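Colleague: Dropping in entry.cif, which is mmCIF, C-alpha atoms and all ligand atoms:
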data_target
loop_
_atom_site.label_atom_id
_atom_site.label_comp_id
_atom_site.auth_asym_id
_atom_site.auth_seq_id
_atom_site.Cartn_x
_atom_site.Cartn_y
_atom_site.Cartn_z
CA MET A 502 -50.44 -84.55 -48.31
CA SER A 503 -49.52 -88.20 -47.96
CA ALA A 504 -52.90 -89.68 -47.02
CA ARG A 505 -54.49 -91.33 -50.05
CA ARG A 506 -57.01 -93.73 -48.55
CA ILE A 507 -59.37 -91.41 -46.80
CA LEU A 508 -62.75 -91.87 -45.17
CA ILE A 509 -64.99 -88.86 -44.54
CA LEU A 510 -67.41 -89.32 -41.67
CA GLY A 511 -70.09 -86.92 -40.54
CA PRO A 512 -73.85 -86.49 -40.30
CA PRO A 513 -76.05 -86.01 -43.38
CA GLY A 514 -75.58 -82.47 -44.66
CA ALA A 515 -72.16 -82.01 -43.04
CA GLY A 516 -70.65 -81.37 -46.45
CA LYS A 517 -69.04 -84.77 -46.98
CA GLY A 518 -69.89 -84.85 -50.67
CA THR A 519 -68.64 -81.31 -51.31
CA GLN A 520 -65.36 -81.87 -49.50
CA ALA A 521 -64.87 -85.30 -51.03
CA ALA A 522 -65.25 -83.77 -54.50
CA ARG A 523 -62.51 -81.23 -53.74
CA LEU A 524 -60.20 -83.81 -52.24
CA VAL A 525 -60.44 -86.25 -55.11
CA GLU A 526 -59.58 -83.46 -57.51
CA GLU A 527 -56.55 -82.53 -55.48
CA LEU A 528 -55.36 -86.10 -54.92
CA GLY A 529 -56.36 -87.56 -58.31
CA VAL A 530 -58.14 -90.51 -56.71
CA PRO A 531 -61.77 -91.66 -57.18
CA HIS A 532 -64.69 -90.43 -55.10
CA VAL A 533 -66.49 -93.47 -53.75
CA SER A 534 -69.97 -92.46 -52.60
CA THR A 535 -72.44 -95.24 -51.86
CA GLY A 536 -75.26 -92.66 -51.85
CA GLU A 537 -74.35 -91.64 -55.43
CA MET A 538 -73.99 -95.25 -56.54
CA LEU A 539 -77.37 -96.11 -55.06
CA ARG A 540 -79.03 -93.09 -56.69
CA THR A 541 -77.53 -94.15 -60.02
CA ALA A 542 -78.94 -97.66 -59.50
CA VAL A 543 -82.36 -96.19 -58.70
CA SER A 544 -82.36 -94.01 -61.85
CA ALA A 545 -81.21 -96.92 -63.98
CA GLY A 546 -83.98 -99.11 -62.55
CA THR A 547 -81.64 -102.00 -61.71
CA GLU A 548 -82.64 -104.75 -59.24
CA VAL A 549 -80.54 -103.09 -56.54
CA GLY A 550 -82.13 -99.74 -57.36
CA LYS A 551 -85.63 -101.17 -57.08
CA ARG A 552 -84.85 -102.70 -53.70
CA ALA A 553 -83.15 -99.54 -52.40
CA LYS A 554 -85.54 -96.80 -53.50
CA ALA A 555 -88.26 -97.03 -50.84
CA VAL A 556 -85.70 -97.45 -48.06
CA MET A 557 -83.75 -94.38 -49.22
CA ASP A 558 -86.89 -92.28 -49.58
CA ALA A 559 -87.79 -93.12 -45.98
CA GLY A 560 -84.35 -91.95 -44.81
CA ARG A 561 -83.42 -95.41 -43.58
CA LEU A 562 -80.35 -97.47 -44.40
CA VAL A 563 -80.13 -99.82 -47.33
CA SER A 564 -79.15 -103.32 -46.13
CA ASP A 565 -75.52 -104.02 -45.31
CA GLU A 566 -75.59 -106.89 -47.78
CA ILE A 567 -76.39 -104.64 -50.75
CA VAL A 568 -74.17 -101.75 -49.74
CA ILE A 569 -71.15 -103.90 -48.88
CA GLU A 570 -71.43 -105.61 -52.24
CA ILE A 571 -71.47 -102.39 -54.24
CA ALA A 572 -68.74 -100.76 -52.13
CA GLU A 573 -66.45 -103.78 -52.42
CA ALA A 574 -67.01 -104.00 -56.16
CA ARG A 575 -66.14 -100.31 -56.54
CA LEU A 576 -63.07 -100.43 -54.28
CA GLY A 577 -61.83 -103.47 -56.17
CA LYS A 578 -61.63 -101.54 -59.46
CA PRO A 579 -58.11 -100.73 -60.66
CA ASP A 580 -58.58 -96.95 -60.32
CA CYS A 581 -58.87 -97.36 -56.54
CA ALA A 582 -55.45 -98.99 -56.30
CA GLY A 583 -53.76 -95.62 -55.76
CA GLY A 584 -56.26 -94.44 -53.16
CA PHE A 585 -59.84 -93.23 -52.79
CA VAL A 586 -62.05 -90.92 -50.81
CA LEU A 587 -64.90 -92.84 -49.17
CA ASP A 588 -68.05 -90.83 -48.59
CA GLY A 589 -71.15 -92.34 -46.94
CA PHE A 590 -69.61 -95.77 -46.36
CA PRO A 591 -69.28 -97.39 -43.87
CA ARG A 592 -72.41 -96.37 -41.98
CA THR A 593 -72.89 -99.39 -39.68
CA ALA A 594 -70.63 -101.61 -37.57
CA GLY A 595 -71.15 -104.46 -40.05
CA GLN A 596 -70.06 -102.27 -42.96
CA ALA A 597 -67.00 -101.07 -41.03
CA GLN A 598 -66.01 -104.66 -40.31
CA ALA A 599 -66.41 -105.63 -43.95
CA LEU A 600 -64.32 -102.64 -45.03
CA ASP A 601 -61.56 -103.39 -42.52
CA ALA A 602 -61.46 -107.02 -43.64
CA MET A 603 -61.33 -106.09 -47.29
CA LEU A 604 -58.57 -103.51 -46.85
CA GLU A 605 -56.63 -105.90 -44.66
CA ARG A 606 -56.81 -108.63 -47.32
CA ARG A 607 -55.24 -106.20 -49.74
CA SER A 608 -52.77 -104.73 -47.25
CA THR A 609 -54.15 -101.29 -48.03
CA PRO A 610 -55.32 -99.86 -44.69
CA LEU A 611 -57.09 -96.54 -44.36
CA ASP A 612 -54.72 -93.62 -43.85
CA CYS A 613 -57.18 -91.30 -42.21
CA CYS A 614 -60.76 -90.81 -41.04
CA LEU A 615 -61.78 -87.17 -41.37
CA ALA A 616 -64.59 -86.47 -38.93
CA LEU A 617 -66.59 -83.41 -39.94
CA THR A 618 -68.22 -81.83 -36.91
CA VAL A 619 -71.26 -79.60 -37.38
CA ASP A 620 -74.11 -78.03 -35.53
CA VAL A 621 -77.23 -80.12 -36.16
CA GLU A 622 -79.58 -77.16 -36.69
CA THR A 623 -77.31 -75.70 -39.34
CA VAL A 624 -77.14 -79.06 -41.03
CA VAL A 625 -80.92 -79.39 -41.18
CA GLU A 626 -81.09 -75.93 -42.79
CA ARG A 627 -78.44 -76.93 -45.34
CA LEU A 628 -80.37 -80.06 -46.24
CA LEU A 629 -83.65 -78.20 -46.66
CA LYS A 630 -81.90 -75.72 -48.97
CA ARG A 631 -80.40 -78.58 -50.96
CA ALA A 632 -83.86 -80.10 -51.25
CA GLU A 633 -85.06 -76.96 -53.04
CA ILE A 634 -82.08 -76.86 -55.39
CA GLU A 635 -81.54 -80.53 -56.23
CA GLY A 636 -84.97 -81.93 -55.53
CA ARG A 637 -83.56 -85.10 -53.96
CA SER A 638 -86.51 -87.23 -52.96
CA ASP A 639 -85.00 -88.02 -49.53
CA ASP A 640 -84.49 -84.37 -48.51
CA THR A 641 -87.80 -83.67 -46.79
CA ALA A 642 -88.10 -82.39 -43.20
CA GLU A 643 -89.33 -85.77 -42.04
CA THR A 644 -86.65 -87.92 -43.71
CA ILE A 645 -83.95 -85.47 -42.66
CA ARG A 646 -84.93 -86.07 -39.03
CA GLU A 647 -84.91 -89.81 -39.63
CA ARG A 648 -81.48 -89.70 -41.30
CA MET A 649 -80.08 -87.71 -38.36
CA LYS A 650 -81.41 -90.29 -35.93
CA VAL A 651 -80.00 -93.16 -37.98
CA TYR A 652 -76.66 -91.36 -38.07
CA GLU A 653 -76.58 -90.89 -34.30
CA ASP A 654 -77.65 -94.49 -33.60
CA GLN A 655 -75.66 -96.41 -36.17
CA THR A 656 -72.91 -94.32 -37.73
CA ALA A 657 -71.62 -91.99 -35.01
CA PRO A 658 -70.41 -94.99 -32.94
CA LEU A 659 -67.98 -95.80 -35.78
CA LEU A 660 -65.96 -92.77 -34.71
CA GLU A 661 -64.90 -94.71 -31.63
CA HIS A 662 -63.91 -97.65 -33.81
CA TYR A 663 -61.64 -95.47 -35.96
CA ARG A 664 -60.42 -93.52 -32.95
CA GLY A 665 -59.26 -96.83 -31.51
CA MET A 666 -57.27 -97.38 -34.69
CA GLY A 667 -55.70 -93.93 -34.29
CA LEU A 668 -57.13 -92.71 -37.58
CA VAL A 669 -59.52 -89.90 -36.61
CA ARG A 670 -58.78 -86.28 -37.38
CA GLU A 671 -61.61 -83.97 -36.41
CA VAL A 672 -62.35 -81.02 -38.64
CA ASP A 673 -64.78 -78.22 -37.91
CA GLY A 674 -67.32 -78.44 -40.75
CA MET A 675 -68.93 -75.05 -40.12
CA GLY A 676 -68.37 -72.09 -42.42
CA SER A 677 -67.87 -71.86 -46.17
CA PRO A 678 -66.79 -74.88 -48.22
CA GLY A 679 -63.48 -73.08 -48.83
CA ASP A 680 -62.89 -72.60 -45.10
CA VAL A 681 -63.62 -76.25 -44.40
CA ALA A 682 -61.38 -77.35 -47.28
CA GLY A 683 -58.56 -75.27 -45.77
CA ARG A 684 -58.98 -77.00 -42.43
CA ILE A 685 -59.01 -80.41 -44.11
CA GLY A 686 -55.76 -79.52 -45.89
CA GLU A 687 -54.22 -78.67 -42.51
CA ALA A 688 -55.58 -81.82 -40.87
CA LEU A 689 -54.08 -83.95 -43.61
CA GLY A 690 -50.80 -82.11 -43.26
P1 LIG A 701 -76.56 -88.15 -46.86
O1 LIG A 701 -75.17 -88.24 -46.31
O2 LIG A 701 -76.97 -86.75 -47.11
O3 LIG A 701 -77.59 -88.90 -46.06
P2 LIG A 701 -75.97 -90.07 -49.04
O4 LIG A 701 -75.98 -89.69 -50.46
O5 LIG A 701 -74.68 -90.49 -48.45
O6 LIG A 701 -76.59 -88.81 -48.30
O7 LIG A 701 -77.03 -91.27 -48.78
C1 LIG A 701 -78.36 -91.19 -49.19
C2 LIG A 701 -79.12 -92.44 -48.77
O8 LIG A 701 -78.56 -93.59 -49.43
C3 LIG A 701 -79.06 -92.80 -47.28
O9 LIG A 701 -80.03 -92.12 -46.51
C4 LIG A 701 -79.30 -94.32 -47.31
O10 LIG A 701 -80.67 -94.63 -47.49
C5 LIG A 701 -78.56 -94.73 -48.57
N1 LIG A 701 -77.15 -95.10 -48.27
C6 LIG A 701 -76.03 -94.47 -48.72
N2 LIG A 701 -74.91 -95.03 -48.24
C7 LIG A 701 -75.33 -96.06 -47.45
C8 LIG A 701 -74.67 -97.02 -46.64
N3 LIG A 701 -73.33 -97.04 -46.54
N4 LIG A 701 -75.43 -97.92 -45.98
C9 LIG A 701 -76.77 -97.92 -46.06
N5 LIG A 701 -77.46 -97.04 -46.78
C10 LIG A 701 -76.76 -96.10 -47.48
#
Transcribe the structure of this file into structure tokens.

Modeller:
Amino acid sequence: MSARRILILGPPGAGKGTQAARLVEELGVPHVSTGEMLRTAVSAGTEVGKRAKAVMDAGRLVSDEIVIEIAEARLGKPDCAGGFVLDGFPRTAGQAQALDAMLERRSTPLDCCLALTVDVETVVERLLKRAEIEGRSDDTAETIRERMKVYEDQTAPLLEHYRGMGLVREVDGMGSPGDVAGRIGEALG
């Protein structure tokens, strides 16, 4: 597997976090999840956390300004020099532009954009189950619908952007985590 700078794209509940966790273990690179970083900021009660909490609970997107800043700071850390798995970033055209510019400045382009494809109804079920187990405050039926809409409107168009760069490899995200991991392994060659 030669790809080391990997972006996982897919709707909420597609299993991005689960697959990213497996990949980073296999590749020995950091898992960069803006959702996790934002939740950490919320728990820690930082300024960013205070500004992000209500927006996250409503299932909407935190501002590009905040998210780009935390993503760039994380990707600039030395442990990302050998690669990373990006999960949940970029989610808007502005974020994608900022990421491209940053990676270009460092001459470290993305190797691959894994696009997890799923059936929306299954995804909503997965999210509701996760809500029971993890008690995430943004996993309610209402916010799940909002997050799906936000994904379709703002994030799904990024697939075309990365397709244009020749980076997209589509992976069927249905089935067990092990099945999906197997397909990702094949897609990454
Ligand atoms: P999911 O993929 O299940 O929606 P995440 O953990 O990736 O979960 O994100 C949770 C929430 O954090 C999002 O609904 C959004 O409010 C916020 N968030 C995470 N990443 C971004 C981002 N790149 N841009 C804007 N908001 C983000």

Colleague: At a cut-off of 7 Å, using all atoms listed in the file, what residues contact Gly584 (chain A)? Leave out same-chain residues fewer than 3 positions from it and give the result as a list of chain:residue names.

Modeller: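 My reading of the contact set: A:Arg505, A:Arg506, A:Val530, A:Cys581.
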
Colleague: Which one of A:Leu587, A:Met675, A:Ala682, A:Leu576 sits closest to ligand LIG 701 (chain A) if you count only C-alpha atoms and all ligand atoms?

Modeller: A:Leu587

Colleague: I'd like the box whose edges run along x, y and z of the file and which contains every listed atom of ligand LIG 701 (chain A), padded by 5 Å per side; could you state its centre and edge lengths in Å, one decimal, as lines of an AutoDock Vina configuration file?

Modeller:
center_x = -77.0
center_y = -92.3
center_z = -48.2
size_x = 17.3
size_y = 21.2
size_z = 14.5

Colleague: Could you tell me, counting only C-alpha atoms and all ligand atoms, which protein and nucleic acid residues lie no more than 7 Å from ligand LIG 701 (chain A), written as a PyMOL selection string?

Modeller: chain A and resi 512-514+534-537+539+556-558+560-565+568+588-593+648

Colleague: Between A:Thr609, A:Thr519, A:Thr541, A:Thr618, which one has atoms that come closest to Ile507 (chain A), using only C-alpha atoms?

Modeller: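 Looking only at the distances to Ile507 (chain A), the closest residue turns out to be A:Thr609.
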
Colleague: If we count only C-alpha atoms and set the cut-off at 7 Å, which residues sit around region 620-632 of chain A, ignoring sequence neighbours fewer than 4 positions away in its own chain? Please answer as a JSON list (two decimals) with C-alpha atoms, keeping the file's coordinate frame.

Modeller:
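Done, and the output landed in result_12.json:
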[["chain", "number", "residue", "atom", "x", "y", "z"],
["A", 514, "GLY", "CA", -75.58, -82.47, -44.66],
["A", 515, "ALA", "CA", -72.16, -82.01, -43.04],
["A", 636, "GLY", "CA", -84.97, -81.93, -55.53],
["A", 637, "ARG", "CA", -83.56, -85.10, -53.96],
["A", 640, "ASP", "CA", -84.49, -84.37, -48.51],
["A", 641, "THR", "CA", -87.80, -83.67, -46.79],
["A", 645, "ILE", "CA", -83.95, -85.47, -42.66]]

Colleague: Starting from the incomplete input, reconstruct N, CA and C atoms of region 520-547 of chain A and report them as a PDB file, in the coordinates of the input.

Modeller:
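Now in result20.pdb:
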ATOM      1  N   GLN A 520     -66.788 -81.795 -49.844  1.00  0.00           N
ATOM      2  CA  GLN A 520     -65.360 -81.870 -49.500  1.00  0.00           C
ATOM      3  C   GLN A 520     -64.698 -83.055 -50.188  1.00  0.00           C
ATOM      4  N   ALA A 521     -65.432 -84.135 -50.333  1.00  0.00           N
ATOM      5  CA  ALA A 521     -64.870 -85.300 -51.030  1.00  0.00           C
ATOM      6  C   ALA A 521     -64.556 -84.928 -52.475  1.00  0.00           C
ATOM      7  N   ALA A 522     -65.458 -84.156 -53.107  1.00  0.00           N
ATOM      8  CA  ALA A 522     -65.250 -83.770 -54.500  1.00  0.00           C
ATOM      9  C   ALA A 522     -63.976 -82.930 -54.649  1.00  0.00           C
ATOM     10  N   ARG A 523     -63.737 -82.042 -53.690  1.00  0.00           N
ATOM     11  CA  ARG A 523     -62.510 -81.230 -53.740  1.00  0.00           C
ATOM     12  C   ARG A 523     -61.269 -82.081 -53.544  1.00  0.00           C
ATOM     13  N   LEU A 524     -61.360 -82.972 -52.572  1.00  0.00           N
ATOM     14  CA  LEU A 524     -60.200 -83.810 -52.240  1.00  0.00           C
ATOM     15  C   LEU A 524     -59.789 -84.714 -53.385  1.00  0.00           C
ATOM     16  N   VAL A 525     -60.795 -85.313 -54.040  1.00  0.00           N
ATOM     17  CA  VAL A 525     -60.440 -86.250 -55.110  1.00  0.00           C
ATOM     18  C   VAL A 525     -59.780 -85.503 -56.266  1.00  0.00           C
ATOM     19  N   GLU A 526     -60.203 -84.262 -56.466  1.00  0.00           N
ATOM     20  CA  GLU A 526     -59.580 -83.460 -57.510  1.00  0.00           C
ATOM     21  C   GLU A 526     -58.111 -83.208 -57.174  1.00  0.00           C
ATOM     22  N   GLU A 527     -57.901 -82.841 -55.939  1.00  0.00           N
ATOM     23  CA  GLU A 527     -56.550 -82.530 -55.480  1.00  0.00           C
ATOM     24  C   GLU A 527     -55.638 -83.757 -55.508  1.00  0.00           C
ATOM     25  N   LEU A 528     -56.193 -84.894 -55.076  1.00  0.00           N
ATOM     26  CA  LEU A 528     -55.360 -86.100 -54.920  1.00  0.00           C
ATOM     27  C   LEU A 528     -55.333 -86.957 -56.188  1.00  0.00           C
ATOM     28  N   GLY A 529     -56.291 -86.724 -57.098  1.00  0.00           N
ATOM     29  CA  GLY A 529     -56.360 -87.560 -58.310  1.00  0.00           C
ATOM     30  C   GLY A 529     -56.748 -88.989 -58.007  1.00  0.00           C
ATOM     31  N   VAL A 530     -57.638 -89.168 -57.041  1.00  0.00           N
ATOM     32  CA  VAL A 530     -58.140 -90.510 -56.710  1.00  0.00           C
ATOM     33  C   VAL A 530     -59.667 -90.490 -56.875  1.00  0.00           C
ATOM     34  N   PRO A 531     -60.311 -91.650 -56.985  1.00  0.00           N
ATOM     35  CA  PRO A 531     -61.770 -91.660 -57.180  1.00  0.00           C
ATOM     36  C   PRO A 531     -62.561 -91.304 -55.916  1.00  0.00           C
ATOM     37  N   HIS A 532     -63.730 -90.741 -56.154  1.00  0.00           N
ATOM     38  CA  HIS A 532     -64.690 -90.430 -55.100  1.00  0.00           C
ATOM     39  C   HIS A 532     -65.640 -91.609 -55.012  1.00  0.00           C
ATOM     40  N   VAL A 533     -65.630 -92.302 -53.900  1.00  0.00           N
ATOM     41  CA  VAL A 533     -66.490 -93.470 -53.750  1.00  0.00           C
ATOM     42  C   VAL A 533     -67.633 -93.125 -52.794  1.00  0.00           C
ATOM     43  N   SER A 534     -68.791 -92.846 -53.377  1.00  0.00           N
ATOM     44  CA  SER A 534     -69.970 -92.460 -52.600  1.00  0.00           C
ATOM     45  C   SER A 534     -71.057 -93.501 -52.791  1.00  0.00           C
ATOM     46  N   THR A 535     -71.389 -94.225 -51.724  1.00  0.00           N
ATOM     47  CA  THR A 535     -72.440 -95.240 -51.860  1.00  0.00           C
ATOM     48  C   THR A 535     -73.788 -94.588 -52.135  1.00  0.00           C
ATOM     49  N   GLY A 536     -74.008 -93.370 -51.581  1.00  0.00           N
ATOM     50  CA  GLY A 536     -75.260 -92.660 -51.850  1.00  0.00           C
ATOM     51  C   GLY A 536     -75.414 -92.401 -53.346  1.00  0.00           C
ATOM     52  N   GLU A 537     -74.323 -91.907 -53.981  1.00  0.00           N
ATOM     53  CA  GLU A 537     -74.350 -91.640 -55.430  1.00  0.00           C
ATOM     54  C   GLU A 537     -74.571 -92.935 -56.211  1.00  0.00           C
ATOM     55  N   MET A 538     -73.870 -93.986 -55.808  1.00  0.00           N
ATOM     56  CA  MET A 538     -73.990 -95.250 -56.540  1.00  0.00           C
ATOM     57  C   MET A 538     -75.419 -95.792 -56.427  1.00  0.00           C
ATOM     58  N   LEU A 539     -75.993 -95.641 -55.242  1.00  0.00           N
ATOM     59  CA  LEU A 539     -77.370 -96.110 -55.060  1.00  0.00           C
ATOM     60  C   LEU A 539     -78.349 -95.269 -55.870  1.00  0.00           C
ATOM     61  N   ARG A 540     -78.127 -93.936 -55.878  1.00  0.00           N
ATOM     62  CA  ARG A 540     -79.030 -93.090 -56.690  1.00  0.00           C
ATOM     63  C   ARG A 540     -78.927 -93.443 -58.169  1.00  0.00           C
ATOM     64  N   THR A 541     -77.717 -93.741 -58.624  1.00  0.00           N
ATOM     65  CA  THR A 541     -77.530 -94.150 -60.020  1.00  0.00           C
ATOM     66  C   THR A 541     -78.303 -95.450 -60.291  1.00  0.00           C
ATOM     67  N   ALA A 542     -78.229 -96.382 -59.337  1.00  0.00           N
ATOM     68  CA  ALA A 542     -78.940 -97.660 -59.500  1.00  0.00           C
ATOM     69  C   ALA A 542     -80.451 -97.440 -59.530  1.00  0.00           C
ATOM     70  N   VAL A 543     -80.926 -96.496 -58.711  1.00  0.00           N
ATOM     71  CA  VAL A 543     -82.360 -96.190 -58.700  1.00  0.00           C
ATOM     72  C   VAL A 543     -82.771 -95.610 -60.047  1.00  0.00           C
ATOM     73  N   SER A 544     -82.007 -94.627 -60.551  1.00  0.00           N
ATOM     74  CA  SER A 544     -82.360 -94.010 -61.850  1.00  0.00           C
ATOM     75  C   SER A 544     -82.319 -95.021 -62.966  1.00  0.00           C
ATOM     76  N   ALA A 545     -81.345 -95.937 -62.896  1.00  0.00           N
ATOM     77  CA  ALA A 545     -81.210 -96.920 -63.980  1.00  0.00           C
ATOM     78  C   ALA A 545     -82.251 -98.035 -63.857  1.00  0.00           C
ATOM     79  N   GLY A 546     -82.944 -98.090 -62.719  1.00  0.00           N
ATOM     80  CA  GLY A 546     -83.980 -99.110 -62.550  1.00  0.00           C
ATOM     81  C   GLY A 546     -83.439-100.519 -62.410  1.00  0.00           C
ATOM     82  N   THR A 547     -82.213-100.660 -61.892  1.00  0.00           N
ATOM     83  CA  THR A 547     -81.640-102.000 -61.710  1.00  0.00           C
ATOM     84  C   THR A 547     -82.335-102.696 -60.528  1.00  0.00           C
TER      85      THR A 547
END
